[in-house]
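Asker: Data: target_5.cif, mmCIF, C-alpha atoms.
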```
data_structure
loop_
_atom_site.label_atom_id
_atom_site.label_comp_id
_atom_site.auth_asym_id
_atom_site.auth_seq_id
_atom_site.Cartn_x
_atom_site.Cartn_y
_atom_site.Cartn_z
CA MET A 4 103.59 99.44 93.75
CA SER A 5 103.22 99.73 90.01
CA ASP A 6 100.52 97.72 88.29
CA THR A 7 102.78 97.17 85.34
CA SER A 8 104.94 94.63 87.10
CA ALA A 9 103.42 91.20 86.78
CA VAL A 10 104.23 90.00 90.25
CA SER A 11 102.78 92.97 92.09
CA LEU A 12 99.16 91.85 91.68
CA TYR A 13 99.82 88.65 93.56
CA ARG A 14 101.75 90.34 96.31
CA ARG A 15 99.03 92.78 97.22
CA PRO A 16 97.58 92.40 100.71
CA TRP A 17 94.02 91.08 100.85
CA GLN A 18 92.74 94.45 102.06
CA GLU A 19 93.42 95.93 98.64
CA TRP A 20 91.09 93.40 97.05
CA VAL A 21 88.40 94.26 99.59
CA THR A 22 88.87 97.90 98.63
CA LEU A 23 88.57 97.06 94.94
CA ALA A 24 85.27 95.25 95.60
CA ALA A 25 83.96 98.01 97.89
CA ARG A 26 84.97 100.69 95.40
CA LEU A 27 83.26 98.92 92.51
CA VAL A 28 80.05 98.11 94.43
CA LEU A 29 79.61 101.71 95.59
CA GLY A 30 80.80 103.15 92.28
CA VAL A 31 78.56 101.05 90.04
CA THR A 32 75.50 101.62 92.27
CA VAL A 33 76.00 105.38 92.37
CA LEU A 34 76.72 105.55 88.63
CA VAL A 35 73.57 103.58 87.74
CA ALA A 36 71.47 105.67 90.14
CA GLY A 37 72.83 108.85 88.54
CA LEU A 38 72.35 107.70 84.96
CA LEU A 39 68.74 106.66 85.59
CA LYS A 40 67.97 110.14 86.91
CA VAL A 41 70.12 112.39 84.75
CA THR A 42 67.86 112.16 81.70
CA ARG A 43 64.74 112.89 83.77
CA LEU A 44 65.68 115.86 85.90
CA ASP A 45 62.07 116.95 86.52
CA ALA A 46 61.38 113.61 88.16
CA SER A 47 64.58 113.91 90.18
CA VAL A 48 63.59 117.37 91.43
CA GLN A 49 60.13 116.07 92.29
CA SER A 50 61.62 113.16 94.25
CA VAL A 51 63.79 115.49 96.32
CA ARG A 52 60.78 117.74 97.04
CA LEU A 53 58.73 114.76 98.24
CA TYR A 54 61.09 114.40 101.20
CA GLN A 55 59.88 117.84 102.36
CA ILE A 56 63.21 118.57 104.01
CA LEU A 57 64.87 121.21 101.84
CA PRO A 58 63.28 124.55 100.92
CA TRP A 59 61.26 124.24 97.70
CA ASP A 60 63.64 126.19 95.46
CA PHE A 61 66.83 124.71 96.89
CA ALA A 62 65.36 121.24 96.42
CA GLY A 63 65.10 122.15 92.75
CA PHE A 64 68.84 122.75 92.57
CA VAL A 65 69.70 119.64 94.56
CA GLY A 66 67.43 117.49 92.40
CA THR A 67 69.17 118.84 89.30
CA ALA A 68 72.76 118.61 90.53
CA LEU A 69 72.54 115.31 92.42
CA PRO A 70 72.32 112.97 89.40
CA ILE A 71 75.35 114.66 87.81
CA LEU A 72 77.34 114.40 91.02
CA GLU A 73 76.38 110.73 91.26
CA VAL A 74 77.54 110.01 87.72
CA VAL A 75 80.89 111.70 88.29
CA VAL A 76 81.53 110.11 91.70
CA GLY A 77 80.50 106.73 90.30
CA LEU A 78 82.96 107.03 87.43
CA LEU A 79 85.76 108.21 89.75
CA LEU A 80 85.19 105.29 92.12
CA ILE A 81 85.03 102.70 89.34
CA THR A 82 88.24 103.96 87.79
CA GLY A 83 89.90 104.53 91.16
CA THR A 84 90.58 108.22 90.54
CA PHE A 85 91.04 110.36 93.64
CA THR A 86 89.70 107.30 95.40
CA ARG A 87 89.74 108.65 98.93
CA VAL A 88 88.05 111.96 98.12
CA SER A 89 85.49 110.21 95.89
CA ALA A 90 84.75 107.68 98.62
CA VAL A 91 84.27 110.52 101.12
CA VAL A 92 81.74 112.15 98.79
CA GLY A 93 80.05 108.79 98.09
CA SER A 94 79.82 108.03 101.81
CA LEU A 95 78.40 111.47 102.58
CA LEU A 96 75.76 110.92 99.89
CA MET A 97 74.77 107.61 101.48
CA LEU A 98 74.67 109.24 104.91
CA ALA A 99 72.42 111.98 103.55
CA PHE A 100 70.13 109.39 101.91
CA ILE A 101 69.88 107.37 105.13
CA ILE A 102 69.01 110.50 107.11
CA GLY A 103 66.47 111.54 104.47
CA ILE A 104 64.74 108.15 104.38
CA ALA A 105 64.75 107.85 108.18
CA SER A 106 63.27 111.34 108.35
CA VAL A 107 60.32 110.65 106.02
CA TRP A 108 59.78 107.33 107.80
CA ALA A 109 59.66 109.04 111.19
CA ARG A 110 57.28 111.73 109.90
CA GLY A 111 54.93 109.11 108.48
CA ILE A 112 55.31 110.28 104.87
CA SER A 113 54.76 107.46 102.36
CA ILE A 114 57.07 107.76 99.37
CA ASP A 115 59.27 105.71 97.14
CA CYS A 116 62.83 106.83 97.91
CA GLY A 117 63.37 107.72 94.25
CA CYS A 118 66.93 106.49 94.62
CA PHE A 119 67.03 105.01 91.12
CA GLY A 120 64.64 107.44 89.46
CA GLY A 121 60.91 106.96 89.74
CA GLY A 122 59.83 108.00 93.18
CA GLY A 123 56.50 109.46 94.08
CA ALA A 124 53.96 109.23 96.83
CA ILE A 125 52.87 105.64 97.39
CA GLU A 126 50.60 103.74 99.73
CA ALA A 127 51.92 103.34 103.25
CA SER A 128 51.87 99.55 102.85
CA LYS A 129 54.20 99.77 99.86
CA THR A 130 57.01 101.72 101.50
CA GLN A 131 60.31 99.90 101.84
CA TYR A 132 62.14 102.09 104.31
CA PRO A 133 63.95 99.34 106.26
CA LEU A 134 65.23 97.75 103.05
CA GLU A 135 66.28 101.09 101.59
CA ILE A 136 68.11 102.08 104.76
CA LEU A 137 69.78 98.67 104.97
CA ARG A 138 70.99 98.96 101.38
CA ASP A 139 72.35 102.46 101.89
CA THR A 140 74.03 101.42 105.14
CA GLY A 141 75.82 98.62 103.29
CA LEU A 142 76.95 101.11 100.67
CA LEU A 143 78.03 103.54 103.40
CA LEU A 144 80.21 100.78 104.91
CA ALA A 145 81.76 100.12 101.50
CA GLY A 146 82.47 103.83 101.21
CA ALA A 147 83.91 104.09 104.71
CA TRP A 148 86.24 101.14 104.07
CA THR A 149 87.44 102.79 100.86
CA VAL A 150 88.08 106.05 102.70
CA TRP A 151 90.10 104.13 105.28
CA ARG A 152 92.07 102.05 102.76
CA PRO A 153 91.89 103.74 99.37
CA ARG A 154 94.75 101.79 97.82
CA ALA A 155 93.67 99.04 95.44
CA PRO A 156 94.66 97.41 92.15
CA PHE A 157 93.33 98.70 88.84
CA ALA A 158 93.22 102.30 89.93
CA VAL A 159 94.07 105.47 88.03
CA ASP A 160 95.50 106.64 91.35
CA ASN A 161 98.33 104.11 90.98
CA TRP A 162 99.50 106.05 87.95
CA LEU A 163 98.39 109.47 89.12
CA PHE A 164 100.11 109.26 92.51
CA ALA A 165 102.98 107.00 91.45
CA PRO A 166 105.92 107.87 93.66
CA ILE A 167 109.00 109.31 92.02
CA ASP A 168 111.69 106.71 91.51
CA HIS A 169 114.24 107.58 94.18
CA THR A 170 116.56 104.67 93.62
CA ASP A 171 119.37 106.85 92.38
CA SER A 172 118.42 109.99 94.15
CA ALA A 173 119.69 110.99 97.51
CA LEU A 174 116.63 113.06 98.25
CA GLU A 175 114.47 112.13 101.17
CA PRO A 176 111.89 109.51 100.15
CA ILE A 177 108.21 110.37 100.47
CA ALA A 178 106.88 108.87 103.65
CA GLU A 179 104.37 106.06 103.22
CA ASP A 180 101.79 108.02 105.21
CA ASP A 181 102.05 111.06 102.97
CA LYS A 182 101.30 109.01 99.91
CA GLU A 183 98.16 107.60 101.42
CA SER A 184 96.88 110.93 102.61
CA THR A 185 97.04 112.57 99.21
CA ARG A 186 94.61 110.12 97.65
CA MET B 30 132.49 115.41 87.79
CA SER B 31 132.70 116.54 91.36
CA GLN B 32 130.59 115.06 94.08
CA SER B 33 128.64 118.30 94.58
CA ASN B 34 127.88 118.67 90.85
CA ARG B 35 126.45 115.17 90.70
CA GLU B 36 124.46 115.90 93.79
CA GLN B 37 123.15 119.09 92.17
CA LEU B 38 122.11 117.21 89.02
CA ARG B 39 120.24 114.63 91.06
CA ARG B 40 118.46 117.32 92.97
CA ASN B 41 117.38 119.01 89.73
CA GLN B 42 116.12 115.78 88.25
CA ALA B 43 114.22 114.93 91.40
CA ALA B 44 112.69 118.41 91.52
CA GLN B 45 111.62 118.11 87.89
CA ALA B 46 110.05 114.72 88.48
CA GLN B 47 108.29 116.07 91.55
CA GLN B 48 107.00 119.02 89.51
CA LYS B 49 105.74 116.71 86.77
CA ARG B 50 103.92 114.54 89.28
CA LEU B 51 102.29 117.56 90.88
CA THR B 52 101.23 118.96 87.50
CA ARG B 53 99.70 115.61 86.63
CA ILE B 54 97.70 115.43 89.87
CA ILE B 55 96.51 119.02 89.68
CA GLY B 56 95.68 118.64 85.99
CA VAL B 57 93.50 115.57 86.49
CA GLY B 58 91.91 117.09 89.58
CA ALA B 59 91.10 120.32 87.76
CA ALA B 60 89.68 118.36 84.81
CA VAL B 61 87.32 116.46 87.13
CA LEU B 62 86.18 119.67 88.80
CA VAL B 63 85.57 121.36 85.46
CA VAL B 64 83.50 118.39 84.26
CA VAL B 65 81.35 118.52 87.41
CA LEU B 66 80.84 122.28 87.20
CA ILE B 67 80.00 122.25 83.49
CA GLY B 68 77.66 119.30 84.02
CA VAL B 69 75.75 121.05 86.81
CA PHE B 70 75.72 124.35 84.90
CA VAL B 71 74.33 122.74 81.74
CA ALA B 72 71.71 120.82 83.73
CA VAL B 73 70.51 123.93 85.57
CA LEU B 74 70.39 125.86 82.30
CA PHE B 75 68.49 123.00 80.67
CA GLN B 76 66.00 122.89 83.53
CA ASN B 77 65.45 126.64 83.41
CA GLN B 78 64.98 126.45 79.64
CA ALA B 79 62.30 123.76 80.04
CA HIS B 80 60.40 126.01 82.41
CA THR B 81 60.81 129.27 80.55
CA VAL B 82 57.59 131.13 79.86
CA LYS B 83 57.09 131.41 76.13
CA ALA B 84 56.17 134.70 74.49
CA SER B 85 52.86 133.24 73.32
CA SER B 86 51.79 132.14 76.80
CA ALA B 87 48.37 133.00 78.13
CA THR B 88 46.39 132.61 81.33
CA PRO B 89 42.84 131.22 81.09
CA PRO B 90 40.13 133.83 81.68
CA ASN B 91 38.75 132.07 84.76
CA ALA B 92 42.11 131.49 86.45
CA THR B 93 42.23 132.31 90.14
CA ALA B 94 43.82 135.61 91.09
CA SER B 95 47.00 133.87 92.21
CA LYS B 96 47.01 131.72 89.04
CA ASP B 97 47.10 128.54 91.12
CA GLY B 98 43.93 127.08 89.60
CA ILE B 99 40.80 127.68 87.57
CA VAL B 100 37.48 128.80 89.06
CA VAL B 101 34.78 126.33 87.96
CA ASN B 102 31.85 128.58 88.88
CA PRO B 103 33.07 132.13 88.25
CA GLY B 104 30.80 134.77 89.71
CA LYS B 105 28.34 132.29 91.14
CA ALA B 106 29.53 131.76 94.71
CA THR B 107 27.56 133.66 97.33
CA ALA B 108 29.44 136.08 99.56
CA GLY B 109 31.37 134.21 102.25
CA ALA B 110 30.91 130.82 100.58
CA PRO B 111 33.75 128.43 101.44
CA VAL B 112 36.46 128.00 98.82
CA VAL B 113 36.80 124.33 97.89
CA GLU B 114 39.95 123.37 96.02
CA LEU B 115 40.23 120.03 94.25
CA PHE B 116 43.79 118.91 93.47
CA PHE B 117 43.95 116.24 90.79
CA ASP B 118 46.04 114.79 87.99
CA TYR B 119 44.38 113.68 84.77
CA GLN B 120 46.33 110.42 84.77
CA CYS B 121 45.34 109.49 88.32
CA PRO B 122 42.79 106.63 88.43
CA VAL B 123 41.66 107.45 91.98
CA CYS B 124 40.90 111.02 90.80
CA LYS B 125 38.59 109.55 88.17
CA GLN B 126 36.88 107.46 90.85
CA PHE B 127 36.55 110.52 93.08
CA GLU B 128 35.13 112.50 90.17
CA GLY B 129 32.61 109.73 89.52
CA LEU B 130 31.51 109.63 93.15
CA TYR B 131 31.58 113.27 94.25
CA GLY B 132 32.14 115.29 91.06
CA ALA B 133 28.45 115.92 90.31
CA SER B 134 27.75 116.85 93.89
CA LEU B 135 30.64 119.34 93.97
CA LYS B 136 29.44 120.86 90.73
CA SER B 137 25.86 121.30 91.91
CA LEU B 138 27.13 122.96 95.10
CA ALA B 139 29.21 125.22 92.86
CA GLU B 140 26.28 125.98 90.54
CA SER B 141 24.05 126.88 93.49
CA GLY B 142 26.73 129.22 94.83
CA ALA B 143 27.10 127.32 98.11
CA ILE B 144 30.83 126.96 97.45
CA GLU B 145 33.47 128.53 95.24
CA LEU B 146 35.04 125.61 93.41
CA HIS B 147 38.64 125.75 92.22
CA TYR B 148 40.27 123.04 90.14
CA ARG B 149 43.98 122.85 90.82
CA ASN B 150 45.44 120.70 88.09
CA MET B 151 48.68 118.85 88.91
CA THR B 152 51.00 117.11 86.46
CA PHE B 153 53.42 115.22 88.70
CA LEU B 154 52.30 111.82 87.41
CA ASP B 155 54.12 112.62 84.18
CA ASN B 156 57.32 112.17 86.15
CA ASN B 157 56.19 108.94 87.78
CA LEU B 158 54.81 107.47 84.55
CA ASN B 159 57.54 108.92 82.33
CA ASN B 160 55.25 110.56 79.79
CA ASP B 161 53.76 114.02 79.26
CA ALA B 162 50.06 113.14 79.09
CA SER B 163 49.09 114.96 82.31
CA LEU B 164 50.72 118.15 81.05
CA ARG B 165 49.11 117.91 77.61
CA ALA B 166 45.70 117.15 79.11
CA GLY B 167 46.15 120.11 81.44
CA ILE B 168 47.12 122.36 78.54
CA GLY B 169 44.02 121.22 76.63
CA ALA B 170 41.75 121.79 79.62
CA ALA B 171 43.17 125.26 80.25
CA CYS B 172 42.80 126.10 76.54
CA SER B 173 39.15 125.02 76.64
CA ASP B 174 38.50 127.75 79.23
CA PHE B 175 38.90 130.36 76.46
CA ALA B 176 35.83 128.79 74.82
CA GLY B 177 34.02 128.67 78.15
CA LYS B 178 34.00 124.86 78.16
CA TYR B 179 36.49 124.14 80.94
CA SER B 180 34.25 122.12 83.20
CA ALA B 181 32.84 119.97 80.39
CA TYR B 182 36.29 119.39 78.90
CA HIS B 183 37.60 118.40 82.32
CA ASP B 184 34.85 115.78 82.73
CA GLU B 185 35.42 114.45 79.24
CA ILE B 186 39.12 113.87 79.90
CA TYR B 187 38.19 111.60 82.80
CA THR B 188 35.60 109.82 80.66
CA ASN B 189 38.42 108.99 78.24
CA GLN B 190 41.02 108.09 80.84
CA PRO B 191 42.83 104.96 79.63
CA ALA B 192 42.08 101.77 81.53
CA LYS B 193 45.77 101.23 82.13
CA GLU B 194 47.53 103.98 84.09
CA GLY B 195 50.41 105.29 82.02
CA ASP B 196 48.86 104.82 78.54
CA GLY B 197 48.16 108.54 78.52
CA TYR B 198 46.13 110.67 76.12
CA THR B 199 46.77 111.14 72.41
CA ASP B 200 46.98 114.59 70.82
CA GLU B 201 44.10 113.49 68.57
CA MET B 202 41.96 112.81 71.65
CA LEU B 203 42.80 116.10 73.34
CA SER B 204 42.73 118.44 70.36
CA THR B 205 39.97 116.93 68.18
CA THR B 206 37.78 114.27 69.83
CA ILE B 207 37.11 115.93 73.19
CA PRO B 208 36.51 119.45 71.76
CA ALA B 209 33.99 117.94 69.33
CA THR B 210 32.22 116.10 72.17
CA VAL B 211 31.95 119.17 74.41
CA GLY B 212 30.89 121.40 71.51
CA ILE B 213 33.88 123.65 70.82
CA THR B 214 33.22 124.64 67.19
CA GLY B 215 33.97 127.20 64.53
CA ALA B 216 36.29 130.05 65.44
CA ASP B 217 36.49 128.75 69.03
CA LEU B 218 37.82 125.45 67.73
CA THR B 219 40.47 127.19 65.64
CA THR B 220 41.54 129.23 68.66
CA PHE B 221 41.50 126.14 70.85
CA GLN B 222 43.60 124.05 68.49
CA ALA B 223 46.16 126.82 68.05
CA CYS B 224 46.32 127.16 71.83
CA TYR B 225 46.83 123.41 72.26
CA LYS B 226 49.39 123.11 69.47
CA ASP B 227 51.45 126.10 70.64
CA GLN B 228 51.11 125.00 74.27
CA THR B 229 50.04 128.54 75.10
CA THR B 230 48.83 127.51 78.55
CA LYS B 231 51.85 125.34 79.37
CA ALA B 232 53.47 127.84 81.76
CA PHE B 233 50.13 128.33 83.53
CA VAL B 234 49.66 124.56 83.95
CA GLN B 235 53.22 124.11 85.21
CA GLY B 236 52.60 127.00 87.57
CA MET B 237 49.48 125.27 88.93
CA ASN B 238 51.52 122.14 89.63
CA ASP B 239 54.33 124.12 91.27
CA SER B 240 51.99 126.10 93.51
CA ALA B 241 50.27 122.88 94.64
CA SER B 242 53.65 121.27 95.31
CA LYS B 243 54.73 124.36 97.28
CA ALA B 244 51.52 124.05 99.29
CA GLY B 245 52.68 120.55 100.25
CA VAL B 246 50.21 118.64 98.08
CA ASN B 247 51.97 115.66 96.52
CA ALA B 248 49.21 113.11 96.19
CA THR B 249 45.87 113.30 94.40
CA PRO B 250 42.99 113.65 94.77
CA THR B 251 43.28 116.15 97.60
CA VAL B 252 40.53 118.49 98.78
CA HIS B 253 41.14 121.75 100.59
CA VAL B 254 38.34 123.72 102.22
CA ASN B 255 39.38 127.32 102.83
CA GLY B 256 43.00 126.19 102.57
CA LYS B 257 42.69 123.34 105.07
CA ASP B 258 43.01 119.69 104.08
CA LEU B 259 39.74 117.74 104.15
CA PRO B 260 41.01 114.14 104.30
CA LEU B 261 39.70 111.69 101.73
CA GLN B 262 38.84 109.23 104.51
CA THR B 263 36.53 111.85 106.01
CA ILE B 264 34.87 112.50 102.65
CA ALA B 265 34.50 108.75 102.05
CA GLY B 266 32.45 108.63 105.26
CA VAL B 267 29.58 110.64 103.73
CA GLN B 268 27.24 110.06 100.81
CA PRO B 269 27.61 112.49 97.88
CA ASP B 270 24.49 114.39 98.99
CA GLY B 271 26.07 114.90 102.42
CA LEU B 272 29.13 116.58 100.96
CA GLY B 273 27.71 120.08 101.27
CA ASP B 274 27.13 119.69 105.01
CA LEU B 275 30.57 118.18 105.50
CA ILE B 276 32.15 121.14 103.73
CA LYS B 277 30.13 123.57 105.85
CA GLN B 278 31.27 121.83 109.04
CA ASN B 279 34.90 122.07 107.97
CA ALA B 280 34.79 125.57 106.52
#
```
Could you rewrite the structure in this file as structure tokens?

Answerer:
Amino acid sequence: MSDTSAVSLYRRPWQEWVTLAARLVLGVTVLVAGLLKVTRLDASVQSVRLYQILPWDFAGFVGTALPILEVVVGLLLITGTFTRVSAVVGSLLMLAFIIGIASVWARGISIDCGCFGGGGAIEASKTQYPLEILRDTGLLLAGAWTVWRPRAPFAVDNWLFAPIDHTDSALEPIAEDDKESTR
Amino acid sequence: MSQSNREQLRRNQAAQAQQKRLTRIIGVGAAVLVVVLIGVFVAVLFQNQAHTVKASSATPPNATASKDGIVVNPGKATAGAPVVELFFDYQCPVCKQFEGLYGASLKSLAESGAIELHYRNMTFLDNNLNNDASLRAGIGAACSDFAGKYSAYHDEIYTNQPAKEGDGYTDEMLSTTIPATVGITGADLTTFQACYKDQTTKAFVQGMNDSASKAGVNATPTVHVNGKDLPLQTIAGVQPDGLGDLIKQNA
């Protein structure tokens, strides 16, 4: 279980390496997206308003808070801290983005998704909705996998949730399932 | 040591270890939550700060009653004349084209009183182009209204629009060159330059952009006749001298 033992890395099931990759792909993407927006909050607010889904004032709050949430979730995923909860939040973000993009597409609004900053109304011929939805779906899958199997190497969780050494204790051991569910 | 004592000791140690683990998890979790909350709080505060109305703020004399634009032909429109609103951004190349094609025609309709012409200045391209030239140009234009030169200043900004979108306008251009060209002089010039430098009309310009955004306008140029959108494609179908009739039909 512990990363400190040299052999453990090689004995990990392949699924844990998939999780590591999924966690890093989603985490790095979300972190970069957040960092590109966090210094330009006016632009972020404007991008959210262009979707014309949320009420004008609430869109202002979402546009302000979203980049910060993205930075934090990105960092948590990269470091493998509270992996399962972070992956749930990351997946919900992707789901929201997919719904948002599909919604503007269906309503015939022509915008840049503003996913990585920028954004703005653009010509209908320059929209990239299928590509944007495909990308976010891929990221959603990475998130869903991580929710399902949060355990992976190089994770703060491995230290944070390290089981108590019961080798010389008669107390009941923590069930494997319990450990997973707390992540 | 008796069996039960050893058992008791083990139980204590296990409970302590369990407690330590729990403290660790809760501690890290609380730290993450605090970071998120502080981050969001600071960002919201920062955003509010950036949009706070300064003590020295002022509204141009010819602003509309709802402060969502500036009336180009104050007091000239005949009773019942349609209200034509032009939404634009000073950094938008298509707005310059539109101005070149239909600007004169709109102005003569306004001068004759056939329409009431409102300019609704937007600044959203600052966000797309990552500069503040639209806002500064808007502040300058609104400041020029105190000298009664709004319309001329507006035209002159477009005349000096950079060939490359995103190059923006210099402070020199907005606060010295254009005022000189449109004839803001003497005491008016002093007032104008103080207004520009102190960004006295900033809140008003931001308010114009917000009200346009709230009205669902997010691309420029956009023309509204009595509050209804008159699509650019429709306007493009008529010659400039046919604009008056088109507006009448859609009023």

Asker: Skipping near chain neighbours, those fewer than 3 positions away, what residues fall within 12 Å of Ala36 in chain A using only C-alpha atoms, listed as a list of chain:residue names?

Answerer: A:Leu29, A:Gly30, A:Val31, A:Thr32, A:Val33, A:Leu39, A:Lys40, A:Val41, A:Thr42, A:Arg43, A:Ser47, A:Leu69, A:Pro70, A:Ile71, A:Leu72, A:Glu73, A:Val74, A:Val75, A:Val76, A:Gly77, A:Leu78, A:Leu96, A:Met97, A:Cys116, A:Gly117, A:Cys118, A:Phe119, A:Gly120, A:Gly121

Asker: Sorted by chain and rising residue number, list the residues of chain B at most 7 Å from chain A (counting all atoms listed in the file), each with its closest atom pair and distance in Å to one decimal, as JSON lines.

Answerer:
```
{"residue": "B:Arg39", "atom": "CA", "partner": "A:Ser172", "partner_atom": "CA", "distance": 5.9}
{"residue": "B:Ala46", "atom": "CA", "partner": "A:Ile167", "partner_atom": "CA", "distance": 6.5}
{"residue": "B:Gln47", "atom": "CA", "partner": "A:Ile167", "partner_atom": "CA", "distance": 6.8}
{"residue": "B:Arg53", "atom": "CA", "partner": "A:Leu163", "partner_atom": "CA", "distance": 6.8}
{"residue": "B:Ile54", "atom": "CA", "partner": "A:Leu163", "partner_atom": "CA", "distance": 6.0}
{"residue": "B:Val65", "atom": "CA", "partner": "A:Leu72", "partner_atom": "CA", "distance": 6.8}
{"residue": "B:Gly68", "atom": "CA", "partner": "A:Ile71", "partner_atom": "CA", "distance": 6.4}
{"residue": "B:Val69", "atom": "CA", "partner": "A:Ala68", "partner_atom": "CA", "distance": 5.4}
{"residue": "B:Ala72", "atom": "CA", "partner": "A:Thr67", "partner_atom": "CA", "distance": 6.4}
{"residue": "B:Val73", "atom": "CA", "partner": "A:Thr67", "partner_atom": "CA", "distance": 6.5}
{"residue": "B:Asn156", "atom": "CA", "partner": "A:Ala46", "partner_atom": "CA", "distance": 4.8}
{"residue": "B:Asn157", "atom": "CA", "partner": "A:Gly121", "partner_atom": "CA", "distance": 5.5}
{"residue": "B:Lys243", "atom": "CA", "partner": "A:Trp59", "partner_atom": "CA", "distance": 6.5}
{"residue": "B:Asn247", "atom": "CA", "partner": "A:Ala124", "partner_atom": "CA", "distance": 6.7}
{"residue": "B:Ala248", "atom": "CA", "partner": "A:Ala124", "partner_atom": "CA", "distance": 6.2}
```

Asker: Might you spell out which residues the PyMOL selection byres ((chain B and resi 170) around 10) would select in the displayed file, as a count of residues only?

Answerer: 32

Asker: Which one of B:Lys136, B:Lys231, B:Lys226, B:Lys83 sits closest to Met151 in chain B if you count all atoms listed in the file?

Answerer: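 That would be B:Lys231, the residue with the smallest distance to Met151 in chain B.
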
Asker: Counting only C-alpha atoms, which of A:Leu80, A:Tyr54, A:Leu142, A:Val91 gets nearest to Asp115 in chain A?

Answerer: A:Tyr54

Asker: To box range 14-17 of chain A, take all atoms listed in the file, fit an axis-aligned box, add 3 Å on each side, and give centre and edge lengths in Å to one decimal, as JSON.

Answerer:
```
{"center_x": 97.9, "center_y": 91.6, "center_z": 98.6, "size_x": 13.7, "size_y": 8.4, "size_z": 10.5}
```

Asker: What is the CA of Asn34 in chain B to CA of Lys49 in chain B distance in Å?

Answerer: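 Distance reported for this atom pair: 22.6 Å.
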
Asker: Just give me the gap between CA of Ala139 in chain B and CA of Ala106 in chain B in Å, one decimal is fine.

Answerer: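 Computed distance, CA of Ala139 in chain B to CA of Ala106 in chain B, equals 6.8 Å.
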
Asker: Find, counting only C-alpha atoms, the residue in A:Ile56, A:Trp148, A:Arg15, A:Phe61 that gets nearest to Gly103 in chain A.

Answerer: A:Ile56

Asker: With distances taken over only C-alpha atoms, which of B:Asp200, B:Glu145, B:Glu140, B:Glu128 is nearest to Ala108 in chain B?

Answerer: B:Glu145

Asker: Evaluate the PyMOL selection byres ((chain A and resi 21) around 12) here and jot the selected residues down as a PyMOL selection string.

Answerer: chain A and resi 15-20+22-28+144-149+151-156

Asker: Identify all residues satisfying the PyMOL selection byres ((chain B and resi 100) around 7) in the given file; provide them as an MDAnalysis selection string.

Answerer: chainID B and resid 91:93 98:99 101:103 146:148

Asker: Pick from B:Thr88, B:Thr81, B:Gln126, B:Gln268: nearest to Pro250 in chain B, with all atoms listed in the file counted?

Answerer: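 The closest residue to Pro250 in chain B is B:Gln126.
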
Asker: What is the distance, in Å and to one decimal place, between CA of Gly56 in chain B and CA of Leu34 in chain A?

Answerer: 23.2 Å

Asker: Tell me which protein, DNA and RNA residues are within 8 Å of Ile136 in chain A, counting all atoms listed in the file, leaving out same-chain ones fewer than 5 positions away, and put them as a VMD selection string.

Answerer: chain A and resid 101 104 to 105

Asker: At a cut-off of 9 Å from (36.3, 111.3, 99.8) in the coordinates of the file, what residues are picked up using all atoms listed in the file, written as a list in words?

Answerer: Phe127, Leu130, Tyr131, Pro250, Thr251, Val252, Leu259, Pro260, Leu261, Gln262, Thr263, Ile264, Ala265, Gly266, Val267, Pro269 and Leu272 of chain B

Asker: Filtering to C-alpha atoms, could you give me those residues as a CSV table (one decimal), in the frame of the given file?

Answerer:
```
chain,number,residue,atom,x,y,z
B,127,PHE,CA,36.6,110.5,93.1
B,130,LEU,CA,31.5,109.6,93.2
B,131,TYR,CA,31.6,113.3,94.2
B,250,PRO,CA,43.0,113.6,94.8
B,251,THR,CA,43.3,116.2,97.6
B,252,VAL,CA,40.5,118.5,98.8
B,259,LEU,CA,39.7,117.7,104.2
B,260,PRO,CA,41.0,114.1,104.3
B,261,LEU,CA,39.7,111.7,101.7
B,262,GLN,CA,38.8,109.2,104.5
B,263,THR,CA,36.5,111.8,106.0
B,264,ILE,CA,34.9,112.5,102.6
B,265,ALA,CA,34.5,108.8,102.0
B,266,GLY,CA,32.4,108.6,105.3
B,267,VAL,CA,29.6,110.6,103.7
B,269,PRO,CA,27.6,112.5,97.9
B,272,LEU,CA,29.1,116.6,101.0
```

Asker: So, with all atoms listed in the file as the atoms that count, which of B:Leu135, B:Phe116, B:Asp227, B:Cys121 lies closest to Val246 in chain B?

Answerer: B:Phe116

Asker: Would you mind putting back N, CA and C atoms on range 44-49 of chain A, then writing it out as a PDB file, in the coordinates of the input?

Answerer:
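Okay, this is what ended up in out32.pdb:
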```
ATOM      1  N   LEU A  44      65.374 114.985  84.773  1.00  0.00           N
ATOM      2  CA  LEU A  44      65.680 115.860  85.900  1.00  0.00           C
ATOM      3  C   LEU A  44      64.421 116.352  86.616  1.00  0.00           C
ATOM      4  N   ASP A  45      63.321 116.525  85.866  1.00  0.00           N
ATOM      5  CA  ASP A  45      62.070 116.950  86.520  1.00  0.00           C
ATOM      6  C   ASP A  45      61.647 115.943  87.579  1.00  0.00           C
ATOM      7  N   ALA A  46      61.768 114.667  87.218  1.00  0.00           N
ATOM      8  CA  ALA A  46      61.380 113.610  88.160  1.00  0.00           C
ATOM      9  C   ALA A  46      62.315 113.607  89.359  1.00  0.00           C
ATOM     10  N   SER A  47      63.605 113.870  89.097  1.00  0.00           N
ATOM     11  CA  SER A  47      64.580 113.910  90.180  1.00  0.00           C
ATOM     12  C   SER A  47      64.266 115.047  91.152  1.00  0.00           C
ATOM     13  N   VAL A  48      63.959 116.206  90.590  1.00  0.00           N
ATOM     14  CA  VAL A  48      63.590 117.370  91.430  1.00  0.00           C
ATOM     15  C   VAL A  48      62.356 117.033  92.256  1.00  0.00           C
ATOM     16  N   GLN A  49      61.374 116.421  91.594  1.00  0.00           N
ATOM     17  CA  GLN A  49      60.130 116.070  92.290  1.00  0.00           C
ATOM     18  C   GLN A  49      60.408 115.105  93.441  1.00  0.00           C
TER      19      GLN A  49
END
```
